[in-house]
file model.cif (mmCIF, C-alpha atoms and all ligand atoms)
data_final
#
loop_
_atom_site.label_atom_id
_atom_site.label_comp_id
_atom_site.auth_asym_id
_atom_site.auth_seq_id
_atom_site.Cartn_x
_atom_site.Cartn_y
_atom_site.Cartn_z
CA MET A 29 -14.16 5.10 -40.15
CA LYS A 30 -10.73 4.00 -41.43
CA SER A 31 -10.84 0.47 -42.89
CA VAL A 32 -8.16 -2.15 -43.49
CA GLU A 33 -7.65 -3.19 -47.11
CA LEU A 34 -4.40 -5.15 -47.07
CA PHE A 35 -2.60 -7.52 -44.68
CA ILE A 36 1.12 -7.91 -45.43
CA PHE A 37 2.59 -11.05 -43.86
CA ASP A 38 6.23 -11.75 -43.19
CA MET A 39 7.00 -15.39 -44.09
CA ASP A 40 9.78 -16.91 -41.99
CA GLY A 41 8.55 -17.30 -38.42
CA VAL A 42 5.03 -16.00 -39.15
CA ILE A 43 3.58 -18.39 -41.76
CA THR A 44 5.98 -21.29 -41.21
CA GLU A 45 8.92 -22.10 -38.96
CA SER A 46 11.53 -21.69 -41.73
CA SER A 47 13.48 -19.28 -39.51
CA GLU A 48 14.78 -22.41 -37.75
CA GLN A 49 16.19 -23.70 -41.05
CA HIS A 50 17.75 -20.27 -41.75
CA TYR A 51 19.42 -20.49 -38.34
CA LEU A 52 20.69 -24.06 -38.83
CA ALA A 53 22.04 -23.25 -42.31
CA TRP A 54 23.84 -20.12 -41.01
CA LYS A 55 25.22 -22.05 -38.04
CA ASN A 56 26.60 -24.64 -40.44
CA LEU A 57 28.33 -21.99 -42.55
CA ALA A 58 29.55 -20.03 -39.52
CA GLU A 59 31.20 -23.17 -38.11
CA GLU A 60 32.97 -23.74 -41.44
CA ILE A 61 34.63 -20.34 -41.15
CA GLY A 62 35.30 -20.67 -37.42
CA VAL A 63 32.54 -18.46 -36.02
CA ALA A 64 30.27 -19.67 -33.21
CA ILE A 65 26.66 -18.46 -33.26
CA ASP A 66 23.78 -19.36 -30.98
CA ARG A 67 20.02 -18.81 -30.92
CA SER A 68 20.31 -15.58 -28.99
CA PHE A 69 22.65 -14.12 -31.65
CA ASN A 70 20.26 -15.46 -34.32
CA GLU A 71 17.57 -13.03 -33.11
CA ARG A 72 19.72 -10.32 -34.74
CA LEU A 73 19.56 -12.12 -38.10
CA LYS A 74 15.77 -12.41 -38.27
CA GLY A 75 14.29 -10.32 -41.06
CA ILE A 76 17.75 -9.31 -42.31
CA SER A 77 18.76 -9.96 -45.94
CA ARG A 78 21.14 -12.78 -46.89
CA LEU A 79 24.27 -10.66 -47.42
CA ALA A 80 23.56 -8.37 -44.47
CA SER A 81 23.17 -11.49 -42.27
CA LEU A 82 26.57 -12.75 -43.44
CA ASP A 83 28.10 -9.36 -42.60
CA ARG A 84 26.66 -9.56 -39.07
CA ILE A 85 28.11 -13.07 -38.63
CA LEU A 86 31.54 -11.97 -39.89
CA GLU A 87 31.48 -8.96 -37.57
CA HIS A 88 30.44 -11.22 -34.66
CA GLY A 89 33.47 -13.44 -35.36
CA GLY A 90 35.86 -10.51 -35.82
CA LEU A 91 36.25 -11.44 -39.51
CA GLU A 92 35.04 -8.23 -41.14
CA GLY A 93 37.30 -7.39 -44.08
CA LYS A 94 38.59 -10.97 -44.35
CA PHE A 95 36.61 -11.90 -47.48
CA THR A 96 36.25 -10.16 -50.84
CA ARG A 97 32.80 -9.30 -52.22
CA ASP A 98 32.88 -12.36 -54.50
CA GLU A 99 33.96 -14.67 -51.68
CA LYS A 100 31.11 -13.33 -49.54
CA LYS A 101 28.66 -14.03 -52.37
CA GLN A 102 29.98 -17.59 -52.57
CA LEU A 103 29.61 -18.07 -48.80
CA ALA A 104 26.05 -16.71 -48.92
CA ASN A 105 25.25 -19.03 -51.86
CA ARG A 106 26.56 -22.01 -49.89
CA LYS A 107 24.32 -21.12 -46.96
CA ASN A 108 21.39 -20.81 -49.35
CA GLN A 109 22.00 -24.23 -50.90
CA VAL A 110 21.92 -25.84 -47.45
CA TYR A 111 18.78 -23.86 -46.55
CA VAL A 112 16.95 -24.75 -49.80
CA GLU A 113 17.77 -28.43 -49.29
CA MET A 114 16.37 -28.20 -45.73
CA ILE A 115 13.06 -26.66 -46.80
CA SER A 116 12.63 -28.72 -49.97
CA GLN A 117 10.44 -31.22 -48.12
CA PHE A 118 8.10 -28.54 -46.72
CA ARG A 119 4.40 -29.23 -47.35
CA GLU A 120 1.04 -27.86 -46.18
CA GLU A 121 1.66 -29.63 -42.84
CA ASN A 122 4.56 -27.22 -42.23
CA LEU A 123 2.23 -24.22 -42.12
CA PHE A 124 1.80 -22.81 -38.65
CA GLU A 125 -1.53 -23.75 -37.12
CA GLY A 126 -4.34 -21.35 -38.00
CA VAL A 127 -2.75 -19.79 -41.11
CA VAL A 128 -5.28 -21.07 -43.67
CA GLU A 129 -8.24 -20.20 -41.39
CA LEU A 130 -6.82 -16.70 -40.97
CA PHE A 131 -6.41 -16.27 -44.74
CA LYS A 132 -9.98 -17.50 -45.32
CA ARG A 133 -11.39 -15.06 -42.77
CA LEU A 134 -9.49 -12.15 -44.33
CA LYS A 135 -10.73 -13.10 -47.82
CA CYS A 136 -14.32 -13.27 -46.51
CA ARG A 137 -13.96 -9.66 -45.36
CA GLY A 138 -12.57 -8.61 -48.76
CA ILE A 139 -9.12 -7.91 -47.32
CA LYS A 140 -6.19 -8.55 -49.67
CA ILE A 141 -3.13 -10.58 -48.64
CA ALA A 142 0.51 -9.94 -49.60
CA ILE A 143 3.80 -11.51 -48.53
CA GLY A 144 6.44 -8.99 -47.46
CA SER A 145 9.45 -11.20 -46.78
CA ALA A 146 13.14 -10.33 -47.06
CA SER A 147 13.66 -13.83 -48.46
CA LYS A 148 14.25 -14.53 -52.12
CA ASN A 149 12.95 -18.03 -51.38
CA ALA A 150 9.48 -16.82 -50.34
CA PRO A 151 7.79 -17.65 -53.71
CA MET A 152 9.11 -21.22 -53.48
CA LEU A 153 7.81 -21.62 -49.92
CA VAL A 154 4.40 -20.22 -50.91
CA LYS A 155 4.16 -22.96 -53.58
CA LEU A 156 5.43 -25.77 -51.34
CA LEU A 157 3.02 -24.78 -48.56
CA GLY A 158 0.07 -24.70 -50.99
CA ILE A 159 -1.06 -21.17 -50.09
CA GLU A 160 -0.77 -19.62 -53.58
CA PRO A 161 -4.57 -19.30 -54.01
CA TYR A 162 -4.79 -16.90 -51.04
CA ILE A 163 -1.84 -14.64 -51.89
CA ASP A 164 -2.48 -11.56 -54.05
CA TYR A 165 1.14 -10.45 -54.28
CA ILE A 166 4.63 -11.50 -53.15
CA VAL A 167 7.22 -8.73 -52.84
CA ASN A 168 10.50 -9.51 -54.61
CA PRO A 169 13.15 -8.15 -52.21
CA GLU A 170 15.50 -7.70 -55.17
CA GLU A 171 13.14 -5.08 -56.59
CA VAL A 172 13.21 -2.83 -53.53
CA GLY A 173 15.93 -0.41 -52.47
CA ASN A 174 16.53 -1.22 -48.82
CA GLY A 175 15.91 -4.28 -46.68
CA LYS A 176 14.23 -4.30 -43.25
CA PRO A 177 14.27 -2.29 -40.96
CA ALA A 178 13.73 0.15 -43.86
CA PRO A 179 10.05 0.37 -44.89
CA ASP A 180 10.64 -0.41 -48.60
CA ILE A 181 9.38 -4.03 -48.67
CA PHE A 182 6.07 -3.11 -46.99
CA LEU A 183 5.66 0.04 -49.06
CA LYS A 184 6.21 -1.95 -52.26
CA ALA A 185 3.34 -4.31 -51.39
CA ALA A 186 1.03 -1.35 -50.69
CA GLU A 187 2.05 0.41 -53.90
CA ILE A 188 1.54 -2.64 -56.13
CA MET A 189 -1.80 -3.46 -54.50
CA GLY A 190 -2.86 0.17 -54.86
CA VAL A 191 -3.57 0.58 -51.14
CA ASP A 192 -2.68 3.57 -48.96
CA PRO A 193 -0.12 2.48 -46.30
CA CYS A 194 -2.45 3.82 -43.60
CA ARG A 195 -4.95 1.09 -44.62
CA CYS A 196 -2.36 -1.71 -44.29
CA VAL A 197 -1.57 -4.11 -41.46
CA GLY A 198 1.87 -5.77 -41.31
CA ILE A 199 2.56 -8.99 -39.40
CA GLU A 200 6.09 -9.73 -38.17
CA ASP A 201 8.10 -11.87 -35.76
CA ALA A 202 11.37 -9.90 -36.03
CA GLU A 203 12.37 -6.62 -34.40
CA ALA A 204 13.73 -5.33 -37.76
CA GLY A 205 10.40 -6.26 -39.36
CA VAL A 206 8.27 -4.37 -36.83
CA LYS A 207 10.49 -1.33 -37.29
CA ALA A 208 9.97 -1.62 -41.07
CA ILE A 209 6.17 -1.76 -40.68
CA LYS A 210 6.12 1.27 -38.39
CA ALA A 211 8.50 3.19 -40.69
CA ALA A 212 6.04 2.46 -43.52
CA GLY A 213 3.27 4.13 -41.49
CA MET A 214 1.34 0.88 -41.09
CA PHE A 215 -0.30 -0.90 -38.15
CA ALA A 216 2.07 -3.56 -36.74
CA VAL A 217 1.03 -6.97 -35.46
CA GLY A 218 3.91 -8.61 -33.58
CA ILE A 219 4.20 -12.37 -33.14
CA GLY A 220 6.21 -13.77 -30.24
CA ASN A 221 8.05 -12.37 -27.27
CA SER A 222 6.55 -9.10 -26.01
CA GLN A 223 10.00 -7.70 -25.22
CA VAL A 224 11.28 -8.25 -28.78
CA MET A 225 7.94 -7.05 -30.20
CA LYS A 226 7.69 -3.99 -27.98
CA GLU A 227 7.24 -1.53 -30.87
CA ALA A 228 4.28 -3.47 -32.31
CA ASP A 229 0.74 -2.05 -31.95
CA ILE A 230 -0.62 -5.41 -30.84
CA ILE A 231 1.19 -8.62 -29.88
CA PHE A 232 0.13 -12.28 -30.06
CA ALA A 233 2.23 -15.19 -28.79
CA GLU A 234 1.71 -17.27 -31.94
CA THR A 235 0.17 -16.89 -35.40
CA LYS A 236 -2.76 -19.10 -34.38
CA ASP A 237 -3.61 -16.56 -31.64
CA ILE A 238 -4.18 -13.67 -34.09
CA ASN A 239 -7.69 -12.38 -33.52
CA ILE A 240 -8.84 -10.36 -36.53
CA ASP A 241 -11.64 -8.60 -34.66
CA GLU A 242 -9.19 -7.45 -31.98
CA VAL A 243 -6.70 -6.26 -34.65
CA LEU A 244 -9.41 -4.35 -36.54
CA SER A 245 -10.84 -2.74 -33.42
CA ARG A 246 -7.33 -1.60 -32.27
CA PHE A 247 -6.63 -0.40 -35.81
CA CYS A 248 -9.68 1.89 -35.68
CA GLN A 249 -8.84 3.40 -32.27
C1 LIG A 301 14.17 -13.31 -43.78
C2 LIG A 301 14.73 -14.20 -42.69
O1 LIG A 301 12.81 -13.56 -43.91
O2 LIG A 301 14.81 -13.58 -45.03
C3 LIG A 301 16.24 -14.06 -42.64
O3 LIG A 301 14.16 -13.83 -41.44
C4 LIG A 301 16.86 -14.34 -44.00
O4 LIG A 301 16.74 -14.98 -41.69
C5 LIG A 301 16.22 -13.39 -45.03
O5 LIG A 301 18.25 -14.14 -43.98
C6 LIG A 301 16.75 -13.61 -46.45
O6 LIG A 301 16.37 -14.87 -46.90
P1 LIG A 301 16.95 -15.60 -48.18
O7 LIG A 301 16.09 -16.84 -48.30
O8 LIG A 301 16.78 -14.69 -49.35
O9 LIG A 301 18.38 -15.91 -47.92
MG MG A 302 10.30 -13.42 -39.85
#

call {"tool": "encode", "arguments": {"input": "model.cif", "output": "structure tokens"}}
result
Amino acid sequence: MKSVELFIFDMDGVITESSEQHYLAWKNLAEEIGVAIDRSFNERLKGISRLASLDRILEHGGLEGKFTRDEKKQLANRKNQVYVEMISQFREENLFEGVVELFKRLKCRGIKIAIGSASKNAPMLVKLLGIEPYIDYIVNPEEVGNGKPAPDIFLKAAEIMGVDPCRCVGIEDAEAGVKAIKAAGMFAVGIGNSQVMKEADIIFAETKDINIDEVLSRFCQ
């Protein structure tokens, strides 16, 4: 029977609610350049890299082509400074309910844990949240070719951990993330709205609802 060897977790919106801070920081920057964004538009930014998110915001405001490459980098840096300031106070209490219990249960079964986030800030969050002891590997998005929805981030985690993608489970809250997991040939656990997560193999409303036995039994079907 096929067994699971590696769980690859997205960070923002799966382990902690930092996707809210990403949204607020982007909203702040968008207002500065005269673009209005709301939470429904923000769904299209989830899982998307920093510069690609800025491009989507500029396109949304009809400002594509207005800024040079360097100016765009500066805008993205400004957003990041605001975001980093917002998450600097994050502590273990900011973990979503059930995360540590889930990690402990996976470790008990000998299943490895990796973080497959598009965020360059993921290592800092892992430290602030106090979950370093459970994490075997954190993908550096700068070391992979393409961001989500391409499979590269998930494939990198599998490659470094020496696990066949068909023995990996990915956990995501973003549509682009679920697409990336499926493109990597992995089993996808979706967190959140069943409409947004429709391509996932199994869906739970929140991280605390993830039932490992249910995931493993679906995985083996
Ligand atoms: C993803 C978030 O995890 O990381 C996106 O869902 C964010 O909203 C992306 O833009 C990149 O993050 P960062 O921290 O490198 O700007
Ligand atoms: Mg996410």

call {"tool": "closest_atom_pairs", "arguments": {"input": "model.cif", "of": "chain A", "to": "ligand LIG 301 (chain A)", "cutoff": "9 Å", "atoms": "only C-alpha atoms and all ligand atoms", "output": "CSV"}}
result
residue,atom,partner,partner_atom,distance
A:Asp38,CA,A:LIG301,O1,6.9
A:Met39,CA,A:LIG301,O1,6.1
A:Asp40,CA,A:LIG301,O1,4.9
A:Gly41,CA,A:LIG301,O3,7.3
A:Ser46,CA,A:LIG301,C2,8.2
A:Ser47,CA,A:LIG301,O4,5.8
A:Glu48,CA,A:LIG301,O4,8.6
A:Gln49,CA,A:LIG301,O4,8.8
A:His50,CA,A:LIG301,O4,5.4
A:Tyr51,CA,A:LIG301,O4,7.0
A:Trp54,CA,A:LIG301,O5,8.7
A:Asn70,CA,A:LIG301,O4,8.2
A:Glu71,CA,A:LIG301,O4,8.8
A:Arg72,CA,A:LIG301,O4,8.9
A:Leu73,CA,A:LIG301,O4,5.4
A:Lys74,CA,A:LIG301,O3,3.8
A:Gly75,CA,A:LIG301,O3,3.5
A:Ile76,CA,A:LIG301,C3,5.0
A:Ser77,CA,A:LIG301,C6,4.2
A:Arg78,CA,A:LIG301,O9,4.3
A:Leu79,CA,A:LIG301,O5,7.8
A:Ala80,CA,A:LIG301,O5,7.9
A:Ser81,CA,A:LIG301,O5,5.8
A:Leu82,CA,A:LIG301,O5,8.5
A:Ala104,CA,A:LIG301,O9,7.8
A:Asn105,CA,A:LIG301,O9,8.5
A:Lys107,CA,A:LIG301,O9,8.0
A:Asn108,CA,A:LIG301,O9,5.9
A:Tyr111,CA,A:LIG301,O7,7.7
A:Val112,CA,A:LIG301,O7,8.1
A:Gly144,CA,A:LIG301,O1,8.6
A:Ser145,CA,A:LIG301,O1,5.0
A:Ala146,CA,A:LIG301,O2,4.2
A:Ser147,CA,A:LIG301,O6,3.3
A:Lys148,CA,A:LIG301,O8,3.8
A:Asn149,CA,A:LIG301,O7,4.6
A:Ala150,CA,A:LIG301,O7,6.9
A:Pro169,CA,A:LIG301,O8,8.0
A:Asp201,CA,A:LIG301,O3,8.5
A:Ala202,CA,A:LIG301,O3,7.2
A:Gly205,CA,A:LIG301,O3,8.7

call {"tool": "atom_distance", "arguments": {"input": "model.cif", "atom1": "CA of Lys101 (chain A)", "atom2": "CA of Ile85 (chain A)"}}
result
13.8 Å

call {"tool": "closest_residue", "arguments": {"input": "model.cif", "among": "A:Lys132, A:Arg97, A:Arg119, A:Lys176", "to": "ligand MG 302 (chain A)", "atoms": "all atoms listed in the file"}}
result
A:Lys176

call {"tool": "residues_around", "arguments": {"input": "model.cif", "residues": "Arg133 (chain A)", "least_positions_apart": "4", "cutoff": "12 Å", "atoms": "only C-alpha atoms", "output": "ChimeraX atom specification"}}
result
/A:35,126-129,137-141,162,238-241

call {"tool": "residues_around", "arguments": {"input": "model.cif", "residues": "region 206-216 of chain A", "least_positions_apart": "4", "cutoff": "10 Å", "atoms": "only C-alpha atoms", "output": "PyMOL selection string"}}
result
chain A and resi 32+35-36+38+75+144+175-184+186+192-202+224-231+243-244+246-247

call {"tool": "closest_residue", "arguments": {"input": "model.cif", "among": "A:Phe131, A:Glu203, A:Leu86, A:Glu92", "to": "Glu160 (chain A)", "atoms": "all atoms listed in the file"}}
result
A:Phe131

call {"tool": "closest_residue", "arguments": {"input": "model.cif", "among": "A:Ile43, A:Leu91, A:Leu34, A:Leu153", "to": "ligand MG 302 (chain A)", "atoms": "all atoms listed in the file"}}
result
A:Ile43

call {"tool": "closest_residue", "arguments": {"input": "model.cif", "among": "A:Ile143, A:Val167, A:Ala53, A:Met114", "to": "ligand MG 302 (chain A)", "atoms": "all atoms listed in the file"}}
result
A:Ile143

call {"tool": "atom_distance", "arguments": {"input": "model.cif", "atom1": "CA of Leu157 (chain A)", "atom2": "CA of Glu234 (chain A)"}}
result
18.3 Å

call {"tool": "atom_distance", "arguments": {"input": "model.cif", "atom1": "CA of Ala233 (chain A)", "atom2": "CA of Gly218 (chain A)"}}
result
8.3 Å

call {"tool": "closest_residue", "arguments": {"input": "model.cif", "among": "A:Val191, A:Val154, A:Val110, A:Cys136", "to": "Lys55 (chain A)", "atoms": "only C-alpha atoms"}}
result
A:Val110
